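Q: Below is target.cif; it holds mmCIF, C-alpha atoms.
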data_structure
#
loop_
_atom_site.label_atom_id
_atom_site.label_comp_id
_atom_site.auth_asym_id
_atom_site.auth_seq_id
_atom_site.Cartn_x
_atom_site.Cartn_y
_atom_site.Cartn_z
CA MET M 1 0.00 0.00 0.00
CA THR M 2 2.84 2.40 0.84
CA ILE M 3 4.50 1.88 -2.54
CA TRP M 4 1.19 2.65 -4.27
CA ARG M 5 0.75 5.77 -2.19
CA ILE M 6 4.26 7.00 -2.98
CA SER M 7 3.85 6.24 -6.70
CA PHE M 8 0.51 8.03 -6.82
CA THR M 9 1.97 11.07 -5.06
CA VAL M 10 4.88 11.21 -7.52
CA LEU M 11 2.36 11.01 -10.36
CA LEU M 12 0.37 13.85 -8.84
CA ILE M 13 3.50 16.01 -8.50
CA SER M 14 4.27 15.34 -12.17
CA ALA M 15 0.72 16.35 -13.05
CA THR M 16 1.25 19.62 -11.14
CA LEU M 17 4.20 20.35 -13.44
CA TYR M 18 2.76 19.23 -16.77
CA ALA M 19 -1.03 18.86 -16.65
CA PRO M 20 -3.87 21.40 -16.42
CA TRP M 21 -5.08 22.30 -12.93
CA TRP M 22 -8.31 20.36 -13.25
CA CYS M 23 -6.34 17.14 -13.87
CA VAL M 24 -4.43 17.72 -10.63
CA LEU M 25 -7.66 18.47 -8.77
CA GLY M 26 -9.27 15.28 -10.06
CA GLY M 27 -6.21 13.21 -9.21
CA ALA M 28 -6.01 14.73 -5.73
CA THR M 29 -9.67 13.88 -5.15
CA VAL M 30 -9.10 10.28 -6.22
CA GLY M 31 -6.01 10.02 -4.02
CA ALA M 32 -7.79 11.47 -0.99
CA PHE M 33 -10.54 8.88 -1.50
CA LEU M 34 -8.27 5.87 -2.02
CA PHE M 35 -5.67 6.47 0.68
CA PRO M 36 -6.28 7.03 4.39
CA ARG M 37 -5.46 10.52 5.71
CA TYR M 38 -3.94 11.67 2.43
CA TYR M 39 -2.18 14.80 3.78
CA GLU M 40 -0.04 14.87 0.63
CA VAL M 41 -2.90 16.63 -1.14
CA ILE M 42 -2.28 19.70 1.05
CA VAL M 43 1.45 19.64 0.32
CA ILE M 44 0.73 19.41 -3.42
CA GLY M 45 -1.56 22.42 -3.09
CA VAL M 46 1.27 24.38 -1.47
CA LEU M 47 3.64 23.25 -4.24
CA SER M 48 1.19 24.51 -6.85
CA ASP M 49 1.02 27.88 -5.08
CA ILE M 50 4.80 28.19 -4.98
CA LEU M 51 5.16 27.18 -8.65
CA TYR M 52 2.45 29.33 -10.20
CA GLY M 53 1.08 31.59 -7.48
CA ILE M 54 1.55 35.26 -6.84
CA SER M 55 0.81 37.19 -3.69
CA GLY M 56 -2.37 39.16 -4.00
CA GLY M 57 -5.70 40.13 -2.52
CA MET M 58 -8.91 38.17 -2.38
CA SER M 59 -9.26 38.03 -6.16
CA ALA M 60 -5.90 36.22 -6.39
CA GLY M 61 -6.81 33.86 -3.54
CA PHE M 62 -4.22 35.52 -1.30
CA GLY M 63 -1.64 33.44 -3.15
CA ALA M 64 -3.00 30.30 -1.45
CA GLN M 65 -5.58 28.91 -3.87
CA GLY M 66 -3.82 25.56 -4.01
CA LEU M 67 -3.64 25.29 -0.22
CA ILE M 68 -7.33 26.15 0.13
CA ALA M 69 -8.28 23.62 -2.57
CA GLY M 70 -6.09 20.94 -0.97
CA VAL M 71 -7.63 21.42 2.46
CA ALA M 72 -11.14 21.42 0.97
CA VAL M 73 -10.51 18.18 -0.93
CA PHE M 74 -9.01 16.53 2.16
CA VAL M 75 -11.84 17.52 4.49
CA VAL M 76 -14.62 16.66 2.05
CA MET M 77 -13.20 13.26 1.09
CA GLU M 78 -12.53 12.32 4.73
CA ARG M 79 -16.12 13.15 5.54
CA ILE M 80 -17.42 11.13 2.57
CA LYS M 81 -15.26 8.13 3.53
CA ARG M 82 -16.51 8.28 7.11
CA ASP M 83 -20.12 8.35 5.95
CA LEU M 84 -19.54 5.44 3.58
CA ARG M 85 -18.18 3.15 6.31
CA MET J 1 -25.52 -4.41 35.30
CA LYS J 2 -24.32 -3.76 31.78
CA ALA J 3 -21.03 -1.91 31.58
CA THR J 4 -20.81 1.03 29.18
CA TYR J 5 -17.63 2.49 27.89
CA ARG J 6 -17.02 6.02 26.76
CA ARG J 7 -15.88 6.11 23.13
CA ASP J 8 -12.23 6.98 22.73
CA ASN J 9 -12.08 10.15 20.60
CA SER J 10 -8.32 10.60 20.85
CA PRO J 11 -7.54 9.36 17.26
CA THR J 12 -10.07 11.85 15.85
CA LYS J 13 -8.65 14.69 17.96
CA ARG J 14 -5.12 13.72 16.95
CA ARG J 15 -6.06 13.84 13.26
CA PHE J 16 -7.75 17.19 13.70
CA PHE J 17 -4.70 18.68 15.38
CA THR J 18 -2.41 17.21 12.70
CA LEU J 19 -4.55 18.77 9.98
CA ALA J 20 -4.75 22.10 11.79
CA ALA J 21 -0.98 22.18 12.35
CA LEU J 22 -0.29 21.32 8.70
CA VAL J 23 -2.67 24.01 7.44
CA LEU J 24 -1.24 26.63 9.80
CA VAL J 25 2.35 25.86 8.83
CA SER J 26 1.45 25.90 5.12
CA PHE J 27 -0.33 29.22 5.45
CA LEU J 28 2.59 30.76 7.33
CA VAL J 29 5.00 29.47 4.68
CA LEU J 30 2.94 31.00 1.85
CA SER J 31 2.28 34.31 3.57
CA ALA J 32 5.75 34.94 5.04
CA GLY J 33 7.67 36.63 2.22
CA PRO J 34 11.22 35.48 3.10
CA VAL J 35 10.17 31.87 3.68
CA ARG J 36 8.14 31.80 0.48
CA GLY J 37 11.07 33.37 -1.37
CA VAL J 38 13.49 30.72 -0.16
CA LEU J 39 11.10 27.91 -1.07
CA SER J 40 10.41 29.47 -4.48
CA ARG J 41 14.12 29.70 -5.25
CA ALA J 42 14.58 26.07 -4.18
CA VAL J 43 11.68 24.90 -6.36
CA TYR J 44 12.76 27.03 -9.34
CA SER J 45 16.27 25.63 -9.21
CA THR J 46 14.86 22.35 -10.60
CA ALA J 47 11.43 23.10 -12.09
CA PRO J 48 12.64 24.84 -15.31
CA GLY J 49 14.82 21.83 -16.13
CA LEU J 50 11.88 19.49 -15.61
CA TRP J 51 9.65 21.62 -17.83
CA GLU J 52 12.24 21.65 -20.60
CA LEU J 53 12.61 17.88 -20.29
CA GLY J 54 8.83 17.53 -20.56
CA GLY J 55 8.81 19.75 -23.64
CA ASN J 56 11.53 17.65 -25.30
CA ILE J 57 9.68 14.40 -24.53
CA GLU J 58 6.46 15.85 -25.96
CA GLY J 59 8.28 16.95 -29.11
CA SER J 60 9.81 13.50 -29.57
CA TRP J 61 6.44 11.85 -28.96
CA ASN J 62 4.73 14.04 -31.58
CA ALA J 63 7.53 13.37 -34.05
CA PHE J 64 7.21 9.61 -33.47
CA TRP J 65 3.45 9.51 -34.04
CA GLY J 66 3.79 11.87 -36.98
CA GLU J 67 5.47 9.02 -38.86
CA PHE J 68 2.21 7.07 -38.80
CA ARG J 69 -0.05 9.80 -40.17
CA LEU J 70 -1.44 9.34 -43.63
CA LYS J 71 0.69 10.97 -46.30
CA ARG J 72 -2.35 12.55 -47.94
CA SER J 73 -3.42 14.39 -44.79
CA LEU J 74 0.13 15.65 -44.29
CA VAL J 75 0.29 16.96 -47.88
CA HIS J 76 -3.04 18.77 -47.46
CA GLU J 77 -1.97 20.26 -44.13
CA ASN J 78 1.34 21.37 -45.70
CA GLU J 79 -0.45 23.20 -48.51
CA THR J 80 -2.84 24.92 -46.10
CA LEU J 81 0.02 26.04 -43.89
CA LYS J 82 2.04 27.35 -46.87
CA GLU J 83 -0.94 29.45 -47.94
CA GLU J 84 -1.36 30.80 -44.43
CA VAL J 85 2.36 31.65 -44.21
CA SER J 86 2.35 33.56 -47.50
CA ARG J 87 -0.73 35.52 -46.40
CA MET J 88 0.89 36.42 -43.11
CA GLN J 89 4.14 37.38 -44.86
CA ALA J 90 2.19 39.88 -46.93
CA GLN J 91 0.60 41.32 -43.77
CA VAL J 92 3.98 41.56 -42.04
CA LEU J 93 5.42 43.38 -45.07
CA ASP J 94 2.69 45.97 -44.82
CA ARG J 95 3.23 46.28 -41.08
CA ASN J 96 7.00 46.68 -41.55
CA LEU J 97 6.40 49.56 -43.97
CA LEU J 98 4.11 51.23 -41.43
CA GLU J 99 6.65 50.69 -38.66
CA ASP J 100 9.39 52.34 -40.74
CA ARG J 101 7.16 55.35 -41.34
CA VAL J 102 6.28 55.64 -37.64
CA LEU J 103 9.96 55.44 -36.65
CA ALA J 104 10.85 58.13 -39.21
CA LEU J 105 8.08 60.40 -37.89
CA GLU J 106 9.13 59.88 -34.28
CA GLU J 107 12.72 60.70 -35.20
CA LYS J 108 11.65 63.97 -36.83
CA LEU J 109 9.64 64.84 -33.74
CA GLY J 110 12.64 64.15 -31.55
CA ARG J 111 11.04 61.17 -29.83
CA ALA J 112 13.16 58.46 -31.33
CA GLY J 113 13.92 55.59 -28.99
CA SER J 114 14.46 51.92 -29.08
CA ASP J 115 13.82 49.21 -26.57
CA VAL J 116 15.94 46.20 -25.81
CA ARG J 117 14.03 42.95 -25.98
CA VAL J 118 14.87 39.46 -24.79
CA SER J 119 13.20 36.46 -26.42
CA ALA J 120 12.05 33.72 -24.08
CA ASN J 121 10.23 30.42 -24.40
CA VAL J 122 7.14 29.74 -22.32
CA LEU J 123 7.77 26.85 -19.94
CA ALA J 124 4.29 26.77 -18.40
CA GLY J 125 1.21 28.56 -19.67
CA PRO J 126 -1.82 29.99 -17.86
CA GLY J 127 -3.81 26.77 -18.13
CA ARG J 128 -1.66 24.98 -15.55
CA SER J 129 -3.18 26.81 -12.61
CA LEU J 130 -5.90 29.24 -11.62
CA TYR J 131 -3.40 32.09 -11.29
CA ASP J 132 -3.16 33.22 -14.92
CA THR J 133 0.64 33.33 -14.90
CA LEU J 134 3.33 32.42 -17.38
CA ILE J 135 6.69 30.90 -16.58
CA ILE J 136 9.43 31.82 -19.07
CA ASP J 137 12.95 30.50 -19.48
CA ALA J 138 14.74 33.83 -19.15
CA GLY J 139 15.68 35.45 -15.86
CA THR J 140 18.21 37.67 -14.11
CA GLU J 141 21.05 36.12 -16.11
CA GLN J 142 19.49 37.69 -19.22
CA GLY J 143 19.02 41.04 -17.45
CA ILE J 144 15.30 40.69 -16.77
CA LEU J 145 13.95 42.69 -13.84
CA VAL J 146 10.68 42.74 -11.91
CA GLY J 147 8.30 45.10 -13.66
CA ASP J 148 9.52 44.44 -17.21
CA ARG J 149 6.73 44.21 -19.77
CA VAL J 150 6.15 41.05 -21.75
CA VAL J 151 4.85 41.15 -25.32
CA TYR J 152 3.77 38.61 -27.91
CA VAL J 153 4.42 38.92 -31.68
CA GLY J 154 5.99 42.31 -31.30
CA ALA J 155 3.15 44.56 -30.18
CA GLY J 156 0.64 42.49 -28.22
CA VAL J 157 1.44 43.25 -24.56
CA ILE J 158 0.32 40.49 -22.22
CA GLY J 159 1.77 41.08 -18.77
CA THR J 160 4.59 42.10 -16.46
CA VAL J 161 7.35 40.18 -14.74
CA VAL J 162 6.55 39.70 -11.03
CA GLU J 163 9.24 37.26 -9.89
CA THR J 164 12.70 36.63 -11.27
CA TYR J 165 15.11 33.73 -10.79
CA PRO J 166 18.51 33.14 -12.36
CA ALA J 167 17.21 31.23 -15.40
CA SER J 168 13.46 31.79 -15.30
CA ALA J 169 10.82 34.34 -14.44
CA LYS J 170 7.16 34.45 -13.54
CA VAL J 171 4.88 36.75 -15.55
CA ARG J 172 1.56 38.00 -14.28
CA LEU J 173 -0.86 38.47 -17.16
CA PHE J 174 -2.87 41.66 -17.42
CA SER J 175 -5.94 39.45 -17.73
CA SER J 176 -5.40 37.94 -14.26
CA PRO J 177 -8.56 38.23 -12.16
CA GLY J 178 -8.40 41.37 -10.07
CA GLU J 179 -5.71 43.01 -12.22
CA GLU J 180 -6.52 46.57 -13.34
CA THR J 181 -4.85 48.24 -16.31
CA ALA J 182 -5.30 51.74 -17.73
CA VAL J 183 -6.22 51.52 -21.44
CA VAL J 184 -7.56 53.57 -24.33
CA ILE J 185 -10.29 52.13 -26.51
CA GLY J 186 -11.06 52.62 -30.17
CA GLY J 187 -10.27 55.30 -32.69
CA GLN J 188 -11.29 58.06 -30.27
CA SER J 189 -8.86 56.78 -27.61
CA ILE J 190 -11.49 56.65 -24.88
CA PRO J 191 -9.70 56.20 -21.53
CA ALA J 192 -10.87 53.36 -19.33
CA VAL J 193 -9.70 50.85 -16.74
CA ALA J 194 -9.59 47.23 -17.90
CA HIS J 195 -10.38 44.56 -15.31
CA GLY J 196 -8.91 41.14 -15.89
CA ARG J 197 -11.32 38.22 -16.17
CA GLY J 198 -8.77 35.45 -16.74
CA MET J 199 -7.31 33.66 -19.79
CA GLY J 200 -6.95 36.77 -21.95
CA ASN J 201 -10.40 38.23 -21.24
CA PHE J 202 -11.08 41.76 -19.98
CA GLU J 203 -13.95 44.00 -19.04
CA ALA J 204 -14.02 47.79 -19.00
CA LYS J 205 -16.61 50.48 -18.39
CA VAL J 206 -16.95 53.61 -20.52
CA PRO J 207 -19.55 56.37 -20.36
CA GLN J 208 -22.94 55.60 -21.85
CA GLY J 209 -23.10 56.53 -25.52
CA SER J 210 -19.35 56.25 -26.18
CA LEU J 211 -18.43 55.34 -29.73
CA VAL J 212 -17.06 51.86 -29.13
CA ALA J 213 -17.67 49.14 -31.69
CA ILE J 214 -16.86 45.46 -31.99
CA GLY J 215 -13.43 45.11 -33.56
CA ASP J 216 -11.98 48.30 -32.02
CA ASN J 217 -8.43 48.01 -30.72
CA VAL J 218 -7.67 48.46 -27.03
CA LEU J 219 -4.22 49.93 -26.42
CA ILE J 220 -1.92 50.60 -23.50
CA PRO J 221 -1.45 54.40 -23.38
CA GLY J 222 1.94 55.80 -24.26
CA GLY J 223 3.37 52.71 -25.91
CA ASN J 224 1.02 51.92 -28.80
CA MET J 225 0.84 48.35 -27.58
CA ILE J 226 -2.26 46.32 -28.26
CA LEU J 227 -3.92 44.75 -25.24
CA GLY J 228 -6.97 43.35 -26.97
CA VAL J 229 -9.80 43.67 -29.45
CA VAL J 230 -13.39 44.54 -28.50
CA GLY J 231 -15.59 41.46 -28.78
CA ALA J 232 -18.88 42.68 -27.30
CA THR J 233 -20.53 45.68 -25.68
CA GLU J 234 -23.46 45.84 -23.29
CA GLU J 235 -25.59 48.90 -22.62
CA LYS J 236 -28.33 49.16 -20.04
CA PRO J 237 -30.46 52.33 -20.17
CA ALA J 238 -30.66 52.51 -16.36
CA GLU J 239 -26.85 52.61 -15.98
CA PRO J 240 -24.64 55.62 -16.75
CA PHE J 241 -21.90 53.50 -18.30
CA MET J 242 -21.45 50.83 -20.96
CA HIS J 243 -19.70 47.50 -20.44
CA VAL J 244 -17.01 46.70 -22.99
CA PHE J 245 -15.78 43.12 -23.22
CA PHE J 246 -12.55 42.49 -25.06
CA ARG J 247 -9.89 39.83 -25.30
CA THR J 248 -6.41 39.28 -26.65
CA PRO J 249 -6.38 38.77 -30.44
CA PHE J 250 -4.62 35.42 -30.03
CA ASN J 251 -5.10 32.27 -27.95
CA ILE J 252 -3.14 33.08 -24.82
CA SER J 253 -2.96 29.46 -23.70
CA ALA J 254 -1.25 28.46 -26.97
CA ILE J 255 1.66 30.92 -27.02
CA SER J 256 5.06 29.28 -26.91
CA SER J 257 7.45 32.24 -26.99
CA VAL J 258 7.36 35.86 -25.87
CA GLU J 259 9.60 38.93 -25.73
CA VAL J 260 10.52 40.79 -22.56
CA ILE J 261 11.10 44.52 -22.91
CA LYS J 262 14.01 45.25 -20.62
CA SER J 263 13.52 48.34 -18.53
CA THR J 264 16.37 50.82 -18.40
CA PRO J 265 18.11 50.65 -15.00
#
Write out the structure in this file as structure tokens.

A:
Amino acid sequence: MTIWRISFTVLLISATLYAPWWCVLGGATVGAFLFPRYYEVIVIGVLSDILYGISGGMSAGFGAQGLIAGVAVFVVMERIKRDLR
Amino acid sequence: MKATYRRDNSPTKRRFFTLAALVLVSFLVLSAGPVRGVLSRAVYSTAPGLWELGGNIEGSWNAFWGEFRLKRSLVHENETLKEEVSRMQAQVLDRNLLEDRVLALEEKLGRAGSDVRVSANVLAGPGRSLYDTLIIDAGTEQGILVGDRVVYVGAGVIGTVVETYPASAKVRLFSSPGEETAVVIGGQSIPAVAHGRGMGNFEAKVPQGSLVAIGDNVLIPGGNMILGVVGATEEKPAEPFMHVFFRTPFNISAISSVEVIKSTP
């Protein structure tokens, strides 16, 4: 299971570099559903902010759109998994 | 008597505190300028190389599959592209003549000047994230500074440099959501403020009744640089202004190279 988790995370990091943002969001959602307590999705959100983000006001997401999206995906998927048990 | 046991909530609390700590640390990292700067430099020491590697692999992949395409479709595509190139060469010739005349006029008026431009390839376009930024493969080693303007095909200005690294730079597009740019619209040079709507789209407001038509150019004042072309207008009788919607005259997500106008130190 660990090797699958690491491989999936590496794939998601590659998607952050090469794929459109919606691919990364979809992959992060799948990863958060498949793996328990997938905190890596938050780290990938931070990586996306550092790669492409700029500091700004509310319209620019305060330069933390990836972090916010990562936390939202994590919380929502954990809740869904708990309800499905 | 039946014994009851209180449910142990410690794993749930532990997970909550782990999540809260991770979010807090991440937010501090992103909001603290020096820490974010250090992390950005660390990431950008390797990311440009990875992007170039990805570009090379994509080029090789396309070349490989190109071998299997039908010859007939390739011949037809070649003829279409040749026709398009000759048409564009004619347009460029006309534009070059106009440019020479403008330069001669400016020289007579004593306003002659030239800018130094650096060509750069786009490593990552605006479609990679929600930020509407470009990453280019030129940086401080090529003399690029924060605030330098970035143009496409000579006169289409698209953004400004916001972060620089030794071999790369980050460009914020004028069409980024929340970005405001002073512009002049149409033949009457109506001044307005353009608000970015993302991916090369803009919105501006001009007084009701202004002579703005679809197809009018939108320019950056003082530099004769094209920001966009008016695509639609919207007037409501109850409002004192008219909405003007315009966009860049090219597909901003498909550009592969740009020029950076170096600012004089």

Q: Can you work out which one of J:Gly59, J:Gly200, J:Pro48, J:Pro177 has the shortest atom-to-atom distance to J:Val122, counting all atoms listed in the file?

A: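 Looking at the shortest contact to J:Val122, the residue is J:Pro48.
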
Q: For the contact check between chain M and chain J, emit one row per residue of chain M within 10 Å, containing the shortest atom pair and the distance in Å rounded to one decimal, counting all atoms listed in the file, chain then rising number order, as CSV.

A:
residue,atom,partner,partner_atom,distance
M:Ser14,CA,J:Leu50,CA,9.3
M:Ala15,CA,J:Arg128,CA,9.3
M:Thr16,CA,J:Arg128,CA,7.5
M:Leu17,CA,J:Trp51,CA,7.1
M:Tyr18,CA,J:Arg128,CA,7.4
M:Ala19,CA,J:Arg128,CA,6.2
M:Pro20,CA,J:Arg128,CA,4.3
M:Trp21,CA,J:Ser129,CA,4.9
M:Trp22,CA,J:Ser129,CA,8.3
M:Cys23,CA,J:Arg128,CA,9.3
M:Val24,CA,J:Arg128,CA,9.2
M:Arg37,CA,J:Arg15,CA,8.3
M:Tyr39,CA,J:Leu19,CA,7.7
M:Ile42,CA,J:Val23,CA,7.7
M:Val43,CA,J:Ser26,CA,7.9
M:Gly45,CA,J:Ser26,CA,9.4
M:Val46,CA,J:Ser26,CA,6.8
M:Leu47,CA,J:Val43,CA,8.5
M:Ser48,CA,J:Ser129,CA,7.6
M:Asp49,CA,J:Leu30,CA,7.8
M:Ile50,CA,J:Ser40,CA,5.8
M:Leu51,CA,J:Ser40,CA,7.1
M:Tyr52,CA,J:Thr133,CA,6.4
M:Gly53,CA,J:Tyr131,CA,5.9
M:Ile54,CA,J:Tyr131,CA,7.4
M:Ser55,CA,J:Ser31,CA,7.9
M:Gly56,CA,J:Gly178,CA,8.8
M:Gly57,CA,J:Gly178,CA,8.1
M:Met58,CA,J:Gly178,CA,8.3
M:Ser59,CA,J:Gly178,CA,5.2
M:Ala60,CA,J:Pro177,CA,6.7
M:Gly61,CA,J:Tyr131,CA,8.7
M:Phe62,CA,J:Ser31,CA,8.2
M:Gly63,CA,J:Leu30,CA,7.2
M:Ala64,CA,J:Leu30,CA,6.8
M:Gln65,CA,J:Leu130,CA,7.8
M:Gly66,CA,J:Leu130,CA,8.7
M:Leu67,CA,J:Ser26,CA,7.4
M:Ile68,CA,J:Val23,CA,8.9
M:Gly70,CA,J:Val23,CA,9.6
M:Val71,CA,J:Val23,CA,7.5
M:Phe74,CA,J:Leu19,CA,9.3
M:Val75,CA,J:Leu19,CA,9.2

Q: So how far away is atom CA of J:Asn62 from atom CA of M:Leu12, in Å?

A: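 Here the two named atoms are 23.2 Å from each other.
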
Q: Report, in Å to a single decimal, how far apart atom CA of J:Gly49 and atom CA of J:Trp61 are.

A: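 So the two atoms, atom CA of J:Trp61 and atom CA of J:Gly49, lie 18.3 Å apart.
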
Q: What's the separation between atom CA of J:Gly228 and atom CA of J:Arg247, in Å to one decimal place?

A: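 So the answer is 4.9 Å.
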
Q: Name the residues that the PyMOL selection byres ((chain J and resi 187) around 12) picks from the file above, as a PyMOL selection string, using the file's chain letters and numbers.

A: chain J and resi 184-186+188-191+210-219+230

Q: In file coordinates, which residues lie within 10 Å of (8.2, 37.0, -29.4) using all atoms listed in the file, given as a PyMOL selection string?

A: chain J and resi 117-121+150-156+255-260

Q: Pick from M:Ile3, M:Phe8, M:Lys81, M:Ala72: nearest to M:Gly31, with all atoms listed in the file counted?

A: M:Phe8

Q: Nearest to M:Val30 among M:Ile44, M:Ile13, M:Met77, M:Leu84, with distances taken over only C-alpha atoms: which residue is it?

A: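 With only C-alpha atoms as the atom set, the closest residue is M:Met77.
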